[in-house]
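S.K.: mmCIF, C-alpha atoms and all ligand atoms, file upload-v9.cif:
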```cif
data_entry
#
loop_
_atom_site.group_PDB
_atom_site.id
_atom_site.type_symbol
_atom_site.label_atom_id
_atom_site.label_comp_id
_atom_site.auth_asym_id
_atom_site.auth_seq_id
_atom_site.Cartn_x
_atom_site.Cartn_y
_atom_site.Cartn_z
ATOM 1 C CA MET A 769 -2.485 -32.039 21.010
ATOM 2 C CA ASP A 770 -4.307 -35.238 21.973
ATOM 3 C CA LEU A 771 -7.134 -36.615 19.826
ATOM 4 C CA ALA A 772 -9.373 -36.783 22.879
ATOM 5 C CA ARG A 773 -9.232 -35.938 26.587
ATOM 6 C CA ILE A 774 -11.479 -37.409 29.273
ATOM 7 C CA GLY A 775 -12.607 -35.569 32.406
ATOM 8 C CA PHE A 776 -14.563 -36.384 35.558
ATOM 9 C CA GLY A 777 -16.396 -34.002 37.879
ATOM 10 C CA SER A 778 -18.588 -34.306 40.948
ATOM 11 C CA ASP A 779 -20.421 -31.940 43.243
ATOM 12 C CA LEU A 780 -22.701 -31.955 46.274
ATOM 13 C CA HIS A 781 -24.837 -29.277 47.888
ATOM 14 C CA ARG A 782 -27.009 -29.130 50.969
ATOM 15 C CA LEU A 783 -30.748 -28.837 50.425
ATOM 16 C CA GLU A 784 -33.097 -26.581 52.345
ATOM 17 C CA LYS A 785 -36.664 -25.328 52.062
ATOM 18 C CA GLY A 786 -37.132 -23.172 49.000
ATOM 19 C CA THR A 787 -39.033 -22.595 45.803
ATOM 20 C CA GLY A 788 -37.069 -24.569 43.228
ATOM 21 C CA LEU A 789 -33.845 -26.312 42.267
ATOM 22 C CA ARG A 790 -31.546 -25.315 39.437
ATOM 23 C CA LEU A 791 -30.361 -28.435 37.644
ATOM 24 C CA GLY A 792 -28.603 -28.570 34.292
ATOM 25 C CA GLY A 793 -29.512 -24.934 33.636
ATOM 26 C CA VAL A 794 -33.207 -25.666 34.195
ATOM 27 C CA THR A 795 -35.404 -24.663 37.144
ATOM 28 C CA ILE A 796 -37.197 -27.608 38.753
ATOM 29 C CA PRO A 797 -40.242 -26.359 40.645
ATOM 30 C CA CYS A 798 -40.403 -27.931 44.128
ATOM 31 C CA ASP A 799 -40.290 -26.953 47.807
ATOM 32 C CA LEU A 800 -36.482 -27.183 48.004
ATOM 33 C CA LYS A 801 -33.409 -25.223 47.011
ATOM 34 C CA THR A 802 -29.690 -25.804 47.259
ATOM 35 C CA LEU A 803 -27.629 -23.959 49.827
ATOM 36 C CA ALA A 804 -24.927 -22.347 47.702
ATOM 37 C CA TRP A 805 -22.995 -19.197 46.883
ATOM 38 C CA SER A 806 -23.988 -19.330 43.209
ATOM 39 C CA ASP A 807 -27.317 -20.713 41.969
ATOM 40 C CA GLY A 808 -26.194 -24.117 43.333
ATOM 41 C CA ASP A 809 -26.639 -26.085 40.098
ATOM 42 C CA VAL A 810 -24.810 -29.292 41.097
ATOM 43 C CA LEU A 811 -25.119 -30.848 37.656
ATOM 44 C CA LEU A 812 -23.551 -27.884 35.872
ATOM 45 C CA HIS A 813 -20.858 -27.676 38.553
ATOM 46 C CA ALA A 814 -19.951 -31.337 38.007
ATOM 47 C CA ILE A 815 -19.899 -30.768 34.228
ATOM 48 C CA VAL A 816 -17.680 -27.682 34.548
ATOM 49 C CA ASP A 817 -15.237 -29.660 36.714
ATOM 50 C CA ALA A 818 -15.255 -32.495 34.172
ATOM 51 C CA ILE A 819 -14.373 -30.092 31.347
ATOM 52 C CA LEU A 820 -11.673 -28.370 33.408
ATOM 53 C CA GLY A 821 -10.363 -31.793 34.421
ATOM 54 C CA ALA A 822 -10.114 -32.914 30.804
ATOM 55 C CA LEU A 823 -8.186 -29.721 30.042
ATOM 56 C CA GLY A 824 -5.992 -30.103 33.136
ATOM 57 C CA GLU A 825 -7.025 -26.614 34.262
ATOM 58 C CA GLY A 826 -7.848 -26.897 37.958
ATOM 59 C CA ASP A 827 -11.382 -26.774 39.330
ATOM 60 C CA ILE A 828 -14.474 -24.606 39.467
ATOM 61 C CA GLY A 829 -13.590 -23.232 42.915
ATOM 62 C CA GLU A 830 -10.257 -21.907 41.627
ATOM 63 C CA LEU A 831 -11.925 -20.266 38.639
ATOM 64 C CA PHE A 832 -14.965 -18.885 40.416
ATOM 65 C CA PRO A 833 -14.190 -18.571 44.152
ATOM 66 C CA ASP A 834 -17.157 -18.627 46.526
ATOM 67 C CA THR A 835 -15.607 -15.662 48.287
ATOM 68 C CA ALA A 836 -15.972 -13.436 45.230
ATOM 69 C CA LYS A 837 -18.932 -11.062 45.316
ATOM 70 C CA GLU A 838 -19.535 -11.312 41.572
ATOM 71 C CA ASN A 839 -20.249 -15.055 41.935
ATOM 72 C CA ALA A 840 -23.023 -14.594 44.514
ATOM 73 C CA GLY A 841 -26.289 -15.986 43.174
ATOM 74 C CA ARG A 842 -24.643 -16.319 39.777
ATOM 75 C CA ASP A 843 -26.218 -18.421 37.012
ATOM 76 C CA SER A 844 -23.982 -21.490 36.629
ATOM 77 C CA VAL A 845 -24.577 -21.386 32.880
ATOM 78 C CA GLU A 846 -21.976 -18.589 32.940
ATOM 79 C CA PHE A 847 -19.433 -20.931 34.580
ATOM 80 C CA LEU A 848 -20.141 -23.505 31.897
ATOM 81 C CA SER A 849 -19.753 -20.923 29.123
ATOM 82 C CA GLU A 850 -16.302 -20.040 30.462
ATOM 83 C CA ALA A 851 -15.288 -23.736 30.604
ATOM 84 C CA MET A 852 -16.588 -24.308 27.051
ATOM 85 C CA GLU A 853 -14.675 -21.257 25.847
ATOM 86 C CA ARG A 854 -11.479 -22.638 27.369
ATOM 87 C CA ALA A 855 -12.060 -26.028 25.738
ATOM 88 C CA TYR A 856 -12.689 -24.404 22.374
ATOM 89 C CA ARG A 857 -9.556 -22.251 22.635
ATOM 90 C CA ALA A 858 -7.545 -25.357 23.519
ATOM 91 C CA GLY A 859 -8.844 -26.979 20.312
ATOM 92 C CA TYR A 860 -11.546 -29.225 21.759
ATOM 93 C CA ARG A 861 -15.317 -29.656 21.540
ATOM 94 C CA VAL A 862 -17.505 -31.942 23.673
ATOM 95 C CA GLY A 863 -17.723 -35.458 22.239
ATOM 96 C CA ASN A 864 -20.202 -36.747 24.793
ATOM 97 C CA LEU A 865 -21.451 -36.315 28.346
ATOM 98 C CA ASP A 866 -22.492 -39.058 30.739
ATOM 99 C CA ALA A 867 -23.936 -37.700 33.993
ATOM 100 C CA THR A 868 -25.821 -38.955 37.047
ATOM 101 C CA VAL A 869 -27.769 -36.873 39.549
ATOM 102 C CA HIS A 870 -28.289 -38.316 43.031
ATOM 103 C CA LEU A 871 -31.322 -37.060 44.921
ATOM 104 C CA GLU A 872 -34.219 -38.486 46.864
ATOM 105 C CA ARG A 873 -36.908 -36.103 45.702
ATOM 106 C CA PRO A 874 -38.483 -34.598 43.698
ATOM 107 C CA LYS A 875 -38.646 -37.333 41.058
ATOM 108 C CA LEU A 876 -36.662 -36.121 38.072
ATOM 109 C CA SER A 877 -38.389 -38.206 35.412
ATOM 110 C CA PRO A 878 -40.737 -35.386 34.261
ATOM 111 C CA PHE A 879 -37.762 -33.037 33.878
ATOM 112 C CA LYS A 880 -35.049 -35.251 32.387
ATOM 113 C CA ASP A 881 -35.913 -34.464 28.786
ATOM 114 C CA VAL A 882 -35.893 -30.720 29.267
ATOM 115 C CA ILE A 883 -32.552 -30.963 31.108
ATOM 116 C CA ARG A 884 -31.101 -33.081 28.292
ATOM 117 C CA ARG A 885 -32.357 -30.588 25.705
ATOM 118 C CA ARG A 886 -30.780 -27.701 27.577
ATOM 119 C CA LEU A 887 -27.479 -29.573 27.916
ATOM 120 C CA ARG A 888 -27.432 -30.424 24.200
ATOM 121 C CA GLU A 889 -27.683 -26.705 23.564
ATOM 122 C CA LEU A 890 -25.092 -25.688 26.152
ATOM 123 C CA LEU A 891 -22.559 -28.383 25.265
ATOM 124 C CA ALA A 892 -23.200 -28.222 21.506
ATOM 125 C CA THR A 893 -23.601 -31.979 21.096
ATOM 126 C CA ASP A 894 -26.476 -34.450 20.848
ATOM 127 C CA ALA A 895 -24.512 -37.072 22.773
ATOM 128 C CA ILE A 896 -25.933 -36.298 26.206
ATOM 129 C CA ALA A 897 -26.852 -38.818 28.888
ATOM 130 C CA VAL A 898 -28.448 -37.661 32.145
ATOM 131 C CA LYS A 899 -29.519 -40.259 34.687
ATOM 132 C CA ALA A 900 -31.101 -39.909 38.098
ATOM 133 C CA LYS A 901 -30.809 -42.131 41.152
ATOM 134 C CA THR A 902 -32.223 -42.066 44.642
ATOM 135 C CA ALA A 903 -30.140 -43.227 47.602
ATOM 136 C CA GLU A 904 -32.823 -45.606 48.905
ATOM 137 C CA GLY A 905 -33.351 -43.440 51.971
ATOM 138 C CA LEU A 906 -29.737 -43.843 53.087
ATOM 139 C CA GLY A 907 -27.248 -41.159 54.115
ATOM 140 C CA PRO A 908 -27.615 -37.388 53.640
ATOM 141 C CA ILE A 909 -28.890 -37.791 50.074
ATOM 142 C CA GLY A 910 -31.383 -40.449 51.065
ATOM 143 C CA GLU A 911 -32.606 -38.286 53.938
ATOM 144 C CA GLY A 912 -33.226 -35.421 51.494
ATOM 145 C CA LYS A 913 -30.523 -33.231 53.050
ATOM 146 C CA ALA A 914 -28.280 -33.133 49.989
ATOM 147 C CA ILE A 915 -28.132 -33.435 46.229
ATOM 148 C CA ALA A 916 -25.085 -34.620 44.277
ATOM 149 C CA ALA A 917 -24.024 -35.063 40.679
ATOM 150 C CA GLU A 918 -21.262 -36.837 38.780
ATOM 151 C CA ALA A 919 -20.222 -36.216 35.203
ATOM 152 C CA VAL A 920 -17.832 -37.774 32.710
ATOM 153 C CA ILE A 921 -16.995 -35.744 29.627
ATOM 154 C CA LEU A 922 -15.048 -36.662 26.554
ATOM 155 C CA LEU A 923 -13.454 -33.742 24.746
ATOM 156 C CA VAL A 924 -12.495 -34.396 21.135
ATOM 157 C CA ARG A 925 -10.170 -32.368 18.978
ATOM 158 C CA TRP A 926 -11.879 -30.085 16.472
ATOM 159 C CA LYS A 927 -8.771 -28.233 15.350
ATOM 160 C CA ARG A 928 -6.038 -29.566 13.109
ATOM 161 C CA GLU A 929 -2.591 -29.821 14.622
ATOM 162 C CA GLU A 930 -0.565 -26.763 13.631
ATOM 163 C CA GLY A 931 2.877 -26.914 11.965
HETATM 164 MG MG MG B 1 -21.180 -26.624 43.579
#
```
Can you present the structure in this file as structure tokens?
M.R.:
Amino acid sequence: MDLARIGFGSDLHRLEKGTGLRLGGVTIPCDLKTLAWSDGDVLLHAIVDAILGALGEGDIGELFPDTAKENAGRDSVEFLSEAMERAYRAGYRVGNLDATVHLERPKLSPFKDVIRRRLRELLATDAIAVKAKTAEGLGPIGEGKAIAAEAVILLVRWKREEG
């Protein structure tokens, strides 16, 4: 078993008129929502892919297909719990997270701390970085048609090597 494994994940969803965005397991009140099969939490989806990537276990779409009825409207926190469970069983915990959300609006600054707090809880570590960037009006993100997220996760071994 390796001492540490690194993983990267990214995600993008279309935006449409709505009553709030789910981001990092938190609801951001605004006049938008993501177009998605689940709750469309791009940040959690990127984090789940980063964990699965570090474990070498495929991607979120393989684990939770968007054709499966049980995943419709599903809280992405449940996807993250499954990924965390797999990491734990493989002998790893989260060392740290470094994530960036790309969106034009709403401004995330009033919500960053609550998102970080939620992620500290969900990932069981204090080493959480969440950043936000606009796209300067350029491309689908800049035009407010999409939201994206990228995440890098370091998994560190918690379990002693057996034998
Ligand atoms: Mg997604």
S.K.: Which residue out of A:Leu890, A:Val898, A:Ile915, A:Leu771 has the minimum interatomic distance to ligand MG 1 (chain B) when all atoms listed in the file are used?
M.R.: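 That would be A:Ile915, the residue with the smallest distance to ligand MG 1 (chain B).
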S.K.: I'd like the interatomic distance between CA of Leu823 in chain A and CA of Ser778 in chain A, to a tenth of an Å.
M.R.: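 Atom-to-atom, CA of Leu823 in chain A to CA of Ser778 in chain A, that is 15.8 Å.
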S.K.: Could you tell me which of A:Lys785, A:Arg861, A:His813, A:Lys880 comes closest to Glu846 in chain A if we count all atoms listed in the file?
M.R.: A:His813
S.K.: Assuming the chain letters and numbering stay as they are in my file, what does the PyMOL selection byres (((chain A and resi 858) around 12) and not hetatm) actually select? List them as a PyMOL selection string.
M.R.: chain A and resi 769-773+819-820+822-825+851-857+859-862+923-929
S.K.: So, counting only C-alpha atoms, which residue among A:Ile796, A:Ala804, A:Leu876, A:Ala897 is closest to Glu784 in chain A?
M.R.: A:Ala804
